[in-house]
$ cat structure-v2.tsv   # TSV, C-alpha atoms
chain	number	residue	atom	x	y	z
J	1	MET	CA	-10.51	-159.91	-25.42
J	2	THR	CA	-8.48	-161.19	-28.35
J	3	SER	CA	-6.51	-157.96	-28.57
J	4	THR	CA	-4.22	-158.67	-25.58
J	5	PRO	CA	-2.55	-161.81	-26.99
J	6	LEU	CA	-2.39	-160.06	-30.33
J	7	LEU	CA	-0.62	-157.07	-28.76
J	8	ILE	CA	1.79	-159.32	-26.89
J	9	SER	CA	2.56	-161.25	-30.07
J	10	LEU	CA	3.07	-157.99	-31.92
J	11	ALA	CA	5.40	-156.66	-29.20
J	12	LEU	CA	7.38	-159.89	-29.25
J	13	PHE	CA	7.56	-159.78	-33.02
J	14	VAL	CA	8.81	-156.17	-33.00
J	15	ALA	CA	11.37	-157.01	-30.30
J	16	ALA	CA	12.62	-160.02	-32.25
J	17	LEU	CA	12.72	-157.96	-35.44
J	18	LEU	CA	14.73	-155.22	-33.70
J	19	LEU	CA	17.27	-157.71	-32.40
J	20	TRP	CA	17.44	-159.44	-35.76
J	21	LEU	CA	17.94	-156.19	-37.65
J	22	THR	CA	20.85	-155.15	-35.45
J	23	ARG	CA	22.42	-158.60	-35.02
J	24	ASP	CA	25.34	-157.88	-37.36
J	25	GLU	CA	26.34	-154.64	-35.64
J	26	ASP	CA	28.68	-156.39	-33.22
J	27	ASN	CA	30.80	-157.60	-36.08
J	28	VAL	CA	30.61	-154.43	-38.13
J	29	GLU	CA	31.22	-151.85	-35.45
J	30	GLY	CA	33.15	-153.92	-32.92
J	31	ASP	CA	36.84	-153.35	-32.37
J	32	GLY	CA	37.35	-156.97	-31.37
J	33	GLU	CA	39.19	-156.09	-28.20
J	34	GLU	CA	38.75	-158.11	-25.06
J	35	ARG	CA	38.85	-156.23	-21.82
J	36	PRO	CA	37.82	-156.93	-18.25
J	37	LEU	CA	34.14	-156.34	-17.65
J	38	ASP	CA	32.66	-154.69	-14.65
J	39	ALA	CA	29.08	-153.59	-14.97
J	40	THR	CA	28.92	-152.82	-11.25
J	41	SER	CA	31.17	-149.86	-11.74
J	42	THR	CA	29.76	-146.51	-12.76
J	43	ASN	CA	33.15	-145.84	-14.26
J	44	LEU	CA	34.96	-147.06	-17.32
J	45	PRO	CA	37.77	-149.57	-16.73
J	46	ASP	CA	40.25	-146.70	-16.55
J	47	GLY	CA	38.21	-144.88	-13.94
J	48	ARG	CA	36.41	-142.33	-16.11
J	49	PRO	CA	32.73	-141.83	-15.46
J	50	ARG	CA	30.65	-143.66	-18.05
J	51	ALA	CA	27.80	-141.12	-18.01
J	52	GLU	CA	30.17	-138.25	-18.79
J	53	ILE	CA	31.27	-139.88	-22.03
J	54	VAL	CA	27.69	-140.69	-22.98
J	55	PHE	CA	26.76	-137.06	-22.36
J	56	ARG	CA	29.60	-135.82	-24.56
J	57	VAL	CA	28.67	-138.15	-27.42
J	58	PHE	CA	24.92	-137.49	-27.37
J	59	SER	CA	24.97	-133.83	-26.35
J	60	SER	CA	23.75	-131.25	-28.85
J	61	VAL	CA	26.18	-128.53	-27.69
J	62	ASP	CA	28.65	-129.29	-30.48
J	63	GLN	CA	25.84	-129.52	-33.01
J	64	GLU	CA	24.78	-125.95	-32.16
J	65	PHE	CA	28.37	-124.78	-32.57
J	66	ILE	CA	28.57	-126.44	-36.01
J	67	ALA	CA	25.23	-124.91	-37.02
J	68	HIS	CA	26.65	-121.42	-36.31
J	69	LEU	CA	29.49	-122.03	-38.76
J	70	ASP	CA	26.96	-122.12	-41.58
J	71	SER	CA	28.68	-124.77	-43.69
J	72	PRO	CA	26.60	-127.66	-45.07
J	73	ARG	CA	29.75	-129.69	-45.64
J	74	LEU	CA	30.86	-129.34	-42.02
J	75	ARG	CA	27.35	-130.13	-40.83
J	76	ARG	CA	27.30	-133.29	-42.93
J	77	MET	CA	30.73	-134.32	-41.74
J	78	TYR	CA	29.77	-133.67	-38.13
J	79	GLN	CA	26.63	-135.81	-38.45
J	80	GLN	CA	28.64	-138.67	-39.91
J	81	GLU	CA	31.35	-138.46	-37.26
J	82	ARG	CA	28.98	-138.31	-34.30
J	83	ARG	CA	26.84	-141.09	-35.69
J	84	LYS	CA	29.94	-143.29	-35.91
J	85	VAL	CA	31.01	-142.58	-32.32
J	86	ALA	CA	27.48	-143.03	-30.94
J	87	LEU	CA	27.08	-146.34	-32.76
J	88	HIS	CA	30.44	-147.44	-31.44
J	89	TRP	CA	29.30	-146.78	-27.86
J	90	VAL	CA	25.95	-148.55	-28.26
J	91	VAL	CA	27.49	-151.61	-29.88
J	92	ARG	CA	30.13	-151.79	-27.17
J	93	THR	CA	27.52	-151.55	-24.43
J	94	SER	CA	25.40	-154.22	-26.09
J	95	ARG	CA	28.38	-156.50	-26.59
J	96	ASP	CA	29.65	-155.94	-23.04
J	97	VAL	CA	26.32	-156.81	-21.50
J	98	THR	CA	26.08	-159.95	-23.63
J	99	ARG	CA	29.52	-161.01	-22.46
J	100	ILE	CA	28.59	-160.30	-18.84
J	101	MET	CA	25.46	-162.41	-19.18
J	102	THR	CA	27.39	-165.25	-20.83
J	103	ALA	CA	29.94	-165.19	-18.02
J	104	HIS	CA	27.13	-165.06	-15.46
J	105	ARG	CA	25.33	-167.99	-17.10
J	106	LEU	CA	28.49	-170.09	-17.02
J	107	ALA	CA	29.10	-169.17	-13.39
J	108	SER	CA	25.48	-169.97	-12.50
J	109	ARG	CA	25.92	-173.56	-13.68
J	110	GLN	CA	28.29	-174.13	-10.77
J	111	THR	CA	25.88	-172.64	-8.25
J	112	HIS	CA	23.44	-174.82	-6.32
J	113	ASN	CA	21.29	-172.10	-4.84
J	114	LEU	CA	20.06	-170.01	-7.71
J	115	ASP	CA	17.60	-167.29	-6.76
J	116	VAL	CA	14.91	-167.54	-9.44
J	117	ARG	CA	13.58	-164.06	-8.71
J	118	THR	CA	16.99	-162.43	-9.09
J	119	GLU	CA	17.76	-164.43	-12.21
J	120	THR	CA	14.44	-163.48	-13.80
J	121	LYS	CA	14.98	-159.84	-12.91
J	122	LEU	CA	18.45	-159.97	-14.39
J	123	PHE	CA	17.28	-161.64	-17.58
J	124	LEU	CA	14.48	-159.11	-18.05
J	125	GLN	CA	16.92	-156.24	-17.51
J	126	TYR	CA	19.27	-157.82	-20.01
J	127	LEU	CA	16.49	-158.17	-22.56
J	128	ARG	CA	15.40	-154.57	-21.98
J	129	LEU	CA	18.93	-153.27	-22.39
J	130	ARG	CA	19.48	-155.29	-25.57
J	131	LEU	CA	16.21	-153.94	-26.98
J	132	ILE	CA	17.12	-150.36	-26.07
J	133	CYS	CA	20.51	-150.82	-27.72
J	134	ALA	CA	18.87	-152.23	-30.84
J	135	LEU	CA	16.43	-149.32	-30.88
J	136	LEU	CA	19.28	-146.85	-30.35
J	137	ILE	CA	21.18	-148.34	-33.28
J	138	LEU	CA	18.20	-147.98	-35.58
J	139	LEU	CA	17.41	-144.44	-34.40
J	140	ILE	CA	21.04	-143.27	-34.56
J	141	LYS	CA	21.32	-144.60	-38.10
J	142	SER	CA	18.09	-142.89	-39.10
J	143	PHE	CA	18.21	-139.56	-37.26
J	144	GLY	CA	21.62	-139.19	-35.63
J	145	PRO	CA	22.37	-139.31	-31.91
J	146	HIS	CA	21.31	-135.85	-30.74
J	147	PHE	CA	17.73	-136.47	-29.76
J	148	LEU	CA	18.57	-139.68	-27.99
J	149	SER	CA	20.50	-138.50	-24.97
J	150	ASP	CA	17.71	-139.54	-22.58
J	151	LEU	CA	17.49	-143.03	-24.06
J	152	ALA	CA	21.27	-143.38	-23.98
J	153	ALA	CA	21.33	-142.23	-20.34
J	154	HIS	CA	18.62	-144.80	-19.61
J	155	ALA	CA	20.69	-147.53	-21.24
J	156	CYS	CA	23.63	-146.43	-19.12
J	157	GLU	CA	21.51	-146.61	-15.98
J	158	LEU	CA	20.17	-150.06	-16.90
J	159	TYR	CA	23.71	-151.29	-17.44
J	160	ARG	CA	24.63	-150.11	-13.95
J	161	GLY	CA	21.43	-151.63	-12.56
J	162	MET	CA	22.37	-154.99	-14.02
J	163	GLY	CA	25.76	-154.64	-12.40
J	164	ARG	CA	24.14	-154.05	-9.02
J	165	VAL	CA	21.90	-157.11	-9.39
J	166	LEU	CA	24.89	-159.21	-10.44
J	167	ALA	CA	26.95	-157.97	-7.51
J	168	GLU	CA	24.12	-158.74	-5.04
J	169	GLY	CA	23.64	-162.19	-6.59
J	170	SER	CA	27.32	-163.02	-6.44
J	171	LEU	CA	27.52	-161.86	-2.82
J	172	ALA	CA	24.49	-163.97	-1.89
J	173	ASN	CA	26.04	-166.99	-3.61
J	174	ARG	CA	29.31	-166.50	-1.78
J	175	ILE	CA	27.52	-166.27	1.58
J	176	ALA	CA	25.49	-169.40	0.77
J	177	THR	CA	28.64	-171.31	-0.22
J	178	VAL	CA	30.36	-170.30	3.04
J	179	GLU	CA	27.28	-171.34	5.04
J	180	GLU	CA	27.14	-174.65	3.18
J	181	THR	CA	30.80	-175.45	3.88
J	182	THR	CA	30.51	-174.53	7.56
J	183	THR	CA	27.42	-176.71	8.13
J	184	HIS	CA	28.95	-179.80	6.46
A	185	MET	CA	61.32	-149.54	-0.71
A	186	SER	CA	57.99	-149.74	1.09
A	187	LYS	CA	54.71	-149.31	-0.79
A	188	VAL	CA	54.07	-145.94	0.83
A	189	ALA	CA	57.53	-144.64	-0.01
A	190	LYS	CA	57.05	-145.83	-3.59
A	191	LEU	CA	53.75	-144.01	-3.84
A	192	VAL	CA	55.26	-140.81	-2.44
A	193	THR	CA	58.12	-140.99	-4.96
A	194	MET	CA	55.67	-141.52	-7.83
A	195	ASN	CA	53.57	-138.63	-6.62
A	196	ASN	CA	56.63	-136.39	-6.39
A	197	ALA	CA	57.68	-137.43	-9.89
A	198	TYR	CA	54.21	-136.55	-11.18
A	199	ASP	CA	54.23	-133.14	-9.47
A	200	ASP	CA	57.72	-132.47	-10.78
A	201	LEU	CA	56.69	-133.40	-14.32
A	202	VAL	CA	53.62	-131.18	-14.19
A	203	SER	CA	55.25	-128.17	-12.57
A	204	ARG	CA	58.59	-128.18	-14.36
A	205	THR	CA	58.08	-129.69	-17.80
A	206	LEU	CA	54.39	-129.59	-18.69
A	207	SER	CA	53.69	-126.13	-17.36
A	208	GLY	CA	56.23	-124.82	-19.85
A	209	LEU	CA	54.07	-126.03	-22.72
A	210	GLN	CA	51.33	-123.65	-23.67
A	211	CYS	CA	48.39	-125.94	-24.36
A	212	ASP	CA	47.10	-129.41	-23.57
A	213	LEU	CA	47.47	-130.59	-27.15
A	214	ALA	CA	51.19	-129.72	-27.04
A	215	ARG	CA	51.43	-131.55	-23.70
A	216	LEU	CA	49.71	-134.61	-25.18
A	217	ILE	CA	52.07	-134.70	-28.15
A	218	TYR	CA	55.07	-134.21	-25.87
A	219	LEU	CA	54.00	-136.98	-23.47
A	220	ALA	CA	53.28	-139.37	-26.35
A	221	SER	CA	56.78	-138.66	-27.65
A	222	THR	CA	58.27	-139.94	-24.39
A	223	ARG	CA	56.70	-143.35	-25.10
A	224	ASP	CA	58.58	-145.99	-27.03
A	225	TYR	CA	56.68	-147.05	-30.15
A	226	ASN	CA	57.63	-150.69	-29.85
A	227	SER	CA	57.29	-151.37	-26.15
A	228	GLY	CA	54.77	-148.68	-25.19
A	229	MET	CA	57.03	-147.82	-22.22
A	230	TYR	CA	57.60	-144.22	-21.18
A	231	HIS	CA	61.02	-142.80	-20.58
A	232	HIS	CA	62.26	-139.42	-19.39
A	233	GLU	CA	65.97	-139.10	-18.69
A	234	GLY	CA	65.81	-136.29	-16.13
A	235	LEU	CA	62.81	-137.64	-14.28
A	236	ALA	CA	64.27	-141.17	-14.17
A	237	GLY	CA	67.53	-139.77	-12.83
A	238	ARG	CA	65.76	-138.01	-9.98
A	239	TYR	CA	63.02	-140.49	-9.06
A	240	GLY	CA	63.97	-143.79	-10.69
A	241	ALA	CA	62.82	-145.28	-14.00
A	242	GLU	CA	59.66	-146.91	-12.63
A	243	SER	CA	58.35	-143.78	-10.88
A	244	ALA	CA	59.11	-141.68	-13.95
A	245	ARG	CA	57.23	-144.18	-16.12
A	246	VAL	CA	54.17	-144.13	-13.86
A	247	ALA	CA	54.21	-140.33	-13.68
A	248	LEU	CA	54.46	-139.96	-17.45
A	249	ARG	CA	51.68	-142.49	-18.03
A	250	ALA	CA	49.39	-140.78	-15.52
A	251	ALA	CA	50.10	-137.32	-16.93
A	252	HIS	CA	49.46	-138.62	-20.45
A	253	LYS	CA	46.09	-140.04	-19.48
A	254	ASP	CA	45.10	-136.92	-17.52
A	255	THR	CA	45.93	-134.68	-20.45
A	256	PHE	CA	44.01	-136.94	-22.81
A	257	TYR	CA	40.94	-136.91	-20.54
A	258	ARG	CA	41.00	-133.12	-20.38
A	259	LEU	CA	41.06	-132.95	-24.17
A	260	VAL	CA	38.26	-135.50	-24.59
A	261	SER	CA	36.10	-133.54	-22.14
A	262	LEU	CA	36.41	-130.34	-24.18
A	263	SER	CA	33.52	-129.18	-26.30
A	264	LEU	CA	34.23	-129.03	-30.01
A	265	GLU	CA	34.41	-125.25	-29.85
A	266	ASP	CA	37.07	-125.37	-27.14
A	267	LEU	CA	38.98	-128.07	-28.98
A	268	VAL	CA	39.07	-125.89	-32.10
A	269	ALA	CA	40.50	-123.05	-29.97
A	270	GLU	CA	43.02	-125.48	-28.50
A	271	LEU	CA	44.09	-126.70	-31.93
A	272	ASP	CA	44.29	-123.13	-33.22
A	273	ASN	CA	46.55	-122.28	-30.29
A	274	TYR	CA	48.69	-125.34	-31.01
A	275	VAL	CA	49.03	-124.36	-34.67
A	276	ARG	CA	50.10	-120.85	-33.66
A	277	ILE	CA	52.75	-121.96	-31.17
A	278	SER	CA	54.12	-124.68	-33.46
A	279	ARG	CA	55.70	-122.03	-35.74
A	280	GLU	CA	54.80	-124.12	-38.77
A	281	ALA	CA	52.83	-122.71	-41.66
A	282	PRO	CA	49.19	-123.26	-40.58
A	283	THR	CA	48.09	-124.55	-43.99
A	284	GLY	CA	50.95	-127.06	-44.07
A	285	LEU	CA	50.35	-128.27	-40.53
A	286	ILE	CA	46.63	-128.70	-41.03
A	287	HIS	CA	47.20	-130.54	-44.30
A	288	ALA	CA	49.85	-132.83	-42.74
A	289	TRP	CA	47.58	-133.61	-39.79
A	290	GLN	CA	44.70	-134.43	-42.10
A	291	GLU	CA	46.81	-136.66	-44.31
A	292	LEU	CA	49.08	-138.41	-41.79
A	293	GLU	CA	46.81	-138.25	-38.74
A	294	PRO	CA	49.78	-138.08	-36.32
A	295	TYR	CA	47.39	-137.40	-33.43
A	296	ARG	CA	46.44	-141.10	-33.54
A	297	VAL	CA	49.83	-141.95	-32.04
A	298	ALA	CA	49.21	-139.45	-29.25
A	299	VAL	CA	46.43	-141.53	-27.70
A	300	PRO	CA	47.45	-143.25	-24.44
A	301	MET	CA	47.16	-147.00	-24.07
A	302	ASP	CA	44.39	-148.68	-22.08
A	303	VAL	CA	41.79	-145.97	-22.38
A	304	ASP	CA	38.19	-146.66	-23.26
A	305	SER	CA	37.70	-147.12	-27.00
A	306	THR	CA	34.64	-144.84	-27.13
A	307	MET	CA	36.82	-142.08	-25.69
A	308	VAL	CA	39.45	-142.73	-28.33
A	309	GLN	CA	36.84	-142.65	-31.08
A	310	LEU	CA	35.43	-139.40	-29.73
A	311	PHE	CA	38.87	-137.81	-29.51
A	312	LEU	CA	39.90	-138.83	-33.04
A	313	SER	CA	36.57	-137.75	-34.44
A	314	ASN	CA	36.73	-134.37	-32.68
A	315	ILE	CA	40.27	-133.72	-33.91
A	316	ARG	CA	39.21	-134.54	-37.49
A	317	LEU	CA	36.32	-132.10	-37.14
A	318	ALA	CA	38.46	-129.43	-35.50
A	319	LEU	CA	40.95	-129.63	-38.38
A	320	GLU	CA	38.14	-129.21	-40.90
A	321	ILE	CA	36.75	-126.26	-38.98
A	322	LEU	CA	40.15	-124.57	-38.82
A	323	GLN	CA	40.64	-125.10	-42.52
A	324	PHE	CA	37.17	-123.73	-43.22
A	325	ARG	CA	37.82	-120.63	-41.10
A	326	ARG	CA	41.18	-119.99	-42.76
A	327	ALA	CA	39.66	-120.36	-46.22
A	328	LYS	CA	36.93	-117.91	-45.22
A	329	ALA	CA	39.48	-115.46	-43.83
A	330	LEU	CA	41.49	-115.68	-47.06
A	331	GLU	CA	38.35	-115.07	-49.10
A	332	CYS	CA	37.73	-111.88	-47.15
A	333	ARG	CA	41.33	-110.67	-47.24
A	334	PRO	CA	41.69	-109.68	-50.94
A	335	ALA	CA	38.61	-107.51	-50.74
A	336	SER	CA	39.85	-105.66	-47.67
A	337	SER	CA	43.42	-105.38	-48.95
A	338	LEU	CA	42.13	-103.99	-52.23
A	339	GLN	CA	40.49	-101.03	-50.58
A	340	PRO	CA	43.64	-98.95	-49.96
A	341	LEU	CA	44.78	-99.69	-53.50
A	342	LEU	CA	41.48	-98.51	-54.88
A	343	GLY	CA	41.67	-95.41	-52.78
A	344	ARG	CA	45.10	-94.50	-54.11
$ encode --input "structure-v2.tsv" --output "structure tokens"
Amino acid sequence: MTSTPLLISLALFVAALLLWLTRDEDNVEGDGEERPLDATSTNLPDGRPRAEIVFRVFSSVDQEFIAHLDSPRLRRMYQQERRKVALHWVVRTSRDVTRIMTAHRLASRQTHNLDVRTETKLFLQYLRLRLICALLILLIKSFGPHFLSDLAAHACELYRGMGRVLAEGSLANRIATVEETTTH
Amino acid sequence: MSKVAKLVTMNNAYDDLVSRTLSGLQCDLARLIYLASTRDYNSGMYHHEGLAGRYGAESARVALRAAHKDTFYRLVSLSLEDLVAELDNYVRISREAPTGLIHAWQELEPYRVAVPMDVDSTMVQLFLSNIRLALEILQFRRAKALECRPASSLQPLLGR
């Protein structure tokens, strides 16, 4: 009976701890650049598929090639390099989604007809994605990126999912605004 | 000029660039370096005298920028093994001493300047990281080949 609240508290504590542990990553790994955000797109701003890049970064194909070279120095260097690139991607994704949510929150203040269900869904997706990013950061730092391709792909999918929810929400708001103006 | 006519001119400029100029270069890395060299360091604008003369400065600029990005994307998509082969090919066709070229690239990192503008930063990181690794791998292979060479070149001497 008492175990359920305990488990929930524990889960919340772990989640908070994860976010707290990775809170500085944005400043450390970030490149500080500001660019237009579009989570609805499956592509990068320049039109390249997001998933393709994620696959290249987290794929173990190059790791196998390096292993065949039989050089501990190269293996070490490869691990360091890939870890850096993978962390860069995760931090960017995490930062992008935070910026999207901030922009969405500011836009929501102007809206009169907020859909609570959509907003809750969006917030939960945001929280999930942030937690996955935090987990990815910890795991990449500890073990490297190569066993995490599924988790990275999941993060990618969540990011797109959030984009879809945002797009639907914004469309619904626009329709509601048009309806409001036509009835008055 | 109408929008359609502009697009057709840009497309023709791109095709011309690919078929006449870029096809003459033997590998994508050489094409990337060449295309980056047509970009002004200060303004980031591309310029190609011949192309601008035939299709206008704006169309030439768009064609060069598009070709630069395309070439970059092809290189980023390569596996590390293929990138090493690409770099090896580039070293061979450059006619420079391989050891000198590899050393200069490791020290000066000139490939950083070859990255197009406005591409995703993860892609840029991946490209730079892969080039660094490819250089190390080439150096490692050359060192290994040199280690093997004295032993094999000694054999005829020993036989004499």
$ interface_residues --input "structure-v2.tsv" --of "chain A" --to "chain J" --cutoff "6 Å" --atoms "all atoms listed in the file" --output "PyMOL selection string"
chain A and resi 264+306+309+313
$ residues_around --input "structure-v2.tsv" --residues "Leu122 of chain J" --least-positions-apart "2" --cutoff "10 Å" --atoms "only C-alpha atoms" --output "list in words"
Met101, Val116, Arg117, Thr118, Glu119, Thr120, Leu124, Gln125, Tyr126, Leu127, Arg128, Gly161, Met162, Gly163, Arg164, Val165, Leu166 and Gly169 of chain J
$ residues_around --input "structure-v2.tsv" --residues "His252 of chain A" --least-positions-apart "6" --cutoff "8 Å" --atoms "only C-alpha atoms" --output "MDAnalysis selection string"
chainID A and resid 216 219:220 300
$ write_last_selection --input "structure-v2.tsv" --atoms "C-alpha atoms" --output "PDB file, in the frame of the given file"
ATOM      1  CA  LEU A 216      49.710-134.610 -25.180  1.00  0.00           C
ATOM      2  CA  LEU A 219      54.000-136.980 -23.470  1.00  0.00           C
ATOM      3  CA  ALA A 220      53.280-139.370 -26.350  1.00  0.00           C
ATOM      4  CA  PRO A 300      47.450-143.250 -24.440  1.00  0.00           C
TER       5      PRO A 300
END
$ atom_distance --input "structure-v2.tsv" --atom1 "atom CA of Arg296 of chain A" --atom2 "atom CA of Tyr218 of chain A"
13.4 Å
$ atom_distance --input "structure-v2.tsv" --atom1 "atom CA of Ala197 of chain A" --atom2 "atom CA of Tyr274 of chain A"
25.9 Å
$ axis_aligned_box --input "structure-v2.tsv" --around "segment 146-164 of chain J" --padding-each-side "4 Å" --output "AutoDock Vina command-line options"
--center_x 21.6 --center_y -145.4 --center_z -19.9 --size_x 16.3 --size_y 27.1 --size_z 29.7
$ atom_distance --input "structure-v2.tsv" --atom1 "atom CA of Ile321 of chain A" --atom2 "atom CA of Asp150 of chain J"
28.4 Å
$ residues_around --input "structure-v2.tsv" --residues "Glu233 of chain A" --least-positions-apart "5" --cutoff "10 Å" --atoms "all atoms listed in the file" --output "number ranges by chain"
A: 222, 238, 240-241, 244
$ residues_around --input "structure-v2.tsv" --residues "segment 131-140 of chain J" --least-positions-apart "5" --cutoff "8 Å" --atoms "only C-alpha atoms" --output "mmCIF file with C-alpha atoms, in the coordinates of the input"
data_model
loop_
_atom_site.group_PDB
_atom_site.id
_atom_site.type_symbol
_atom_site.label_atom_id
_atom_site.label_comp_id
_atom_site.auth_asym_id
_atom_site.auth_seq_id
_atom_site.Cartn_x
_atom_site.Cartn_y
_atom_site.Cartn_z
ATOM 1 C CA ALA J 15 11.370 -157.010 -30.300
ATOM 2 C CA LEU J 18 14.730 -155.220 -33.700
ATOM 3 C CA LEU J 19 17.270 -157.710 -32.400
ATOM 4 C CA LEU J 21 17.940 -156.190 -37.650
ATOM 5 C CA THR J 22 20.850 -155.150 -35.450
ATOM 6 C CA ARG J 83 26.840 -141.090 -35.690
ATOM 7 C CA ALA J 86 27.480 -143.030 -30.940
ATOM 8 C CA LEU J 87 27.080 -146.340 -32.760
ATOM 9 C CA VAL J 90 25.950 -148.550 -28.260
ATOM 10 C CA VAL J 91 27.490 -151.610 -29.880
ATOM 11 C CA THR J 93 27.520 -151.550 -24.430
ATOM 12 C CA SER J 94 25.400 -154.220 -26.090
ATOM 13 C CA PRO J 145 22.370 -139.310 -31.910
ATOM 14 C CA LEU J 148 18.570 -139.680 -27.990
ATOM 15 C CA LEU J 151 17.490 -143.030 -24.060
ATOM 16 C CA ALA J 152 21.270 -143.380 -23.980
ATOM 17 C CA ALA J 155 20.690 -147.530 -21.240
#
$ closest_residue --input "structure-v2.tsv" --among "A:Leu317, A:Leu292, A:Val260, A:Leu235" --to "Ser305 of chain A" --atoms "only C-alpha atoms"
A:Val260
$ closest_residue --input "structure-v2.tsv" --among "A:Val297, A:Val275, A:Cys332, A:Cys211" --to "Leu259 of chain A" --atoms "only C-alpha atoms"
A:Cys211
$ closest_residue --input "structure-v2.tsv" --among "A:Leu322, A:Ile315, A:Leu206, A:Met229" --to "Glu242 of chain A" --atoms "all atoms listed in the file"
A:Met229
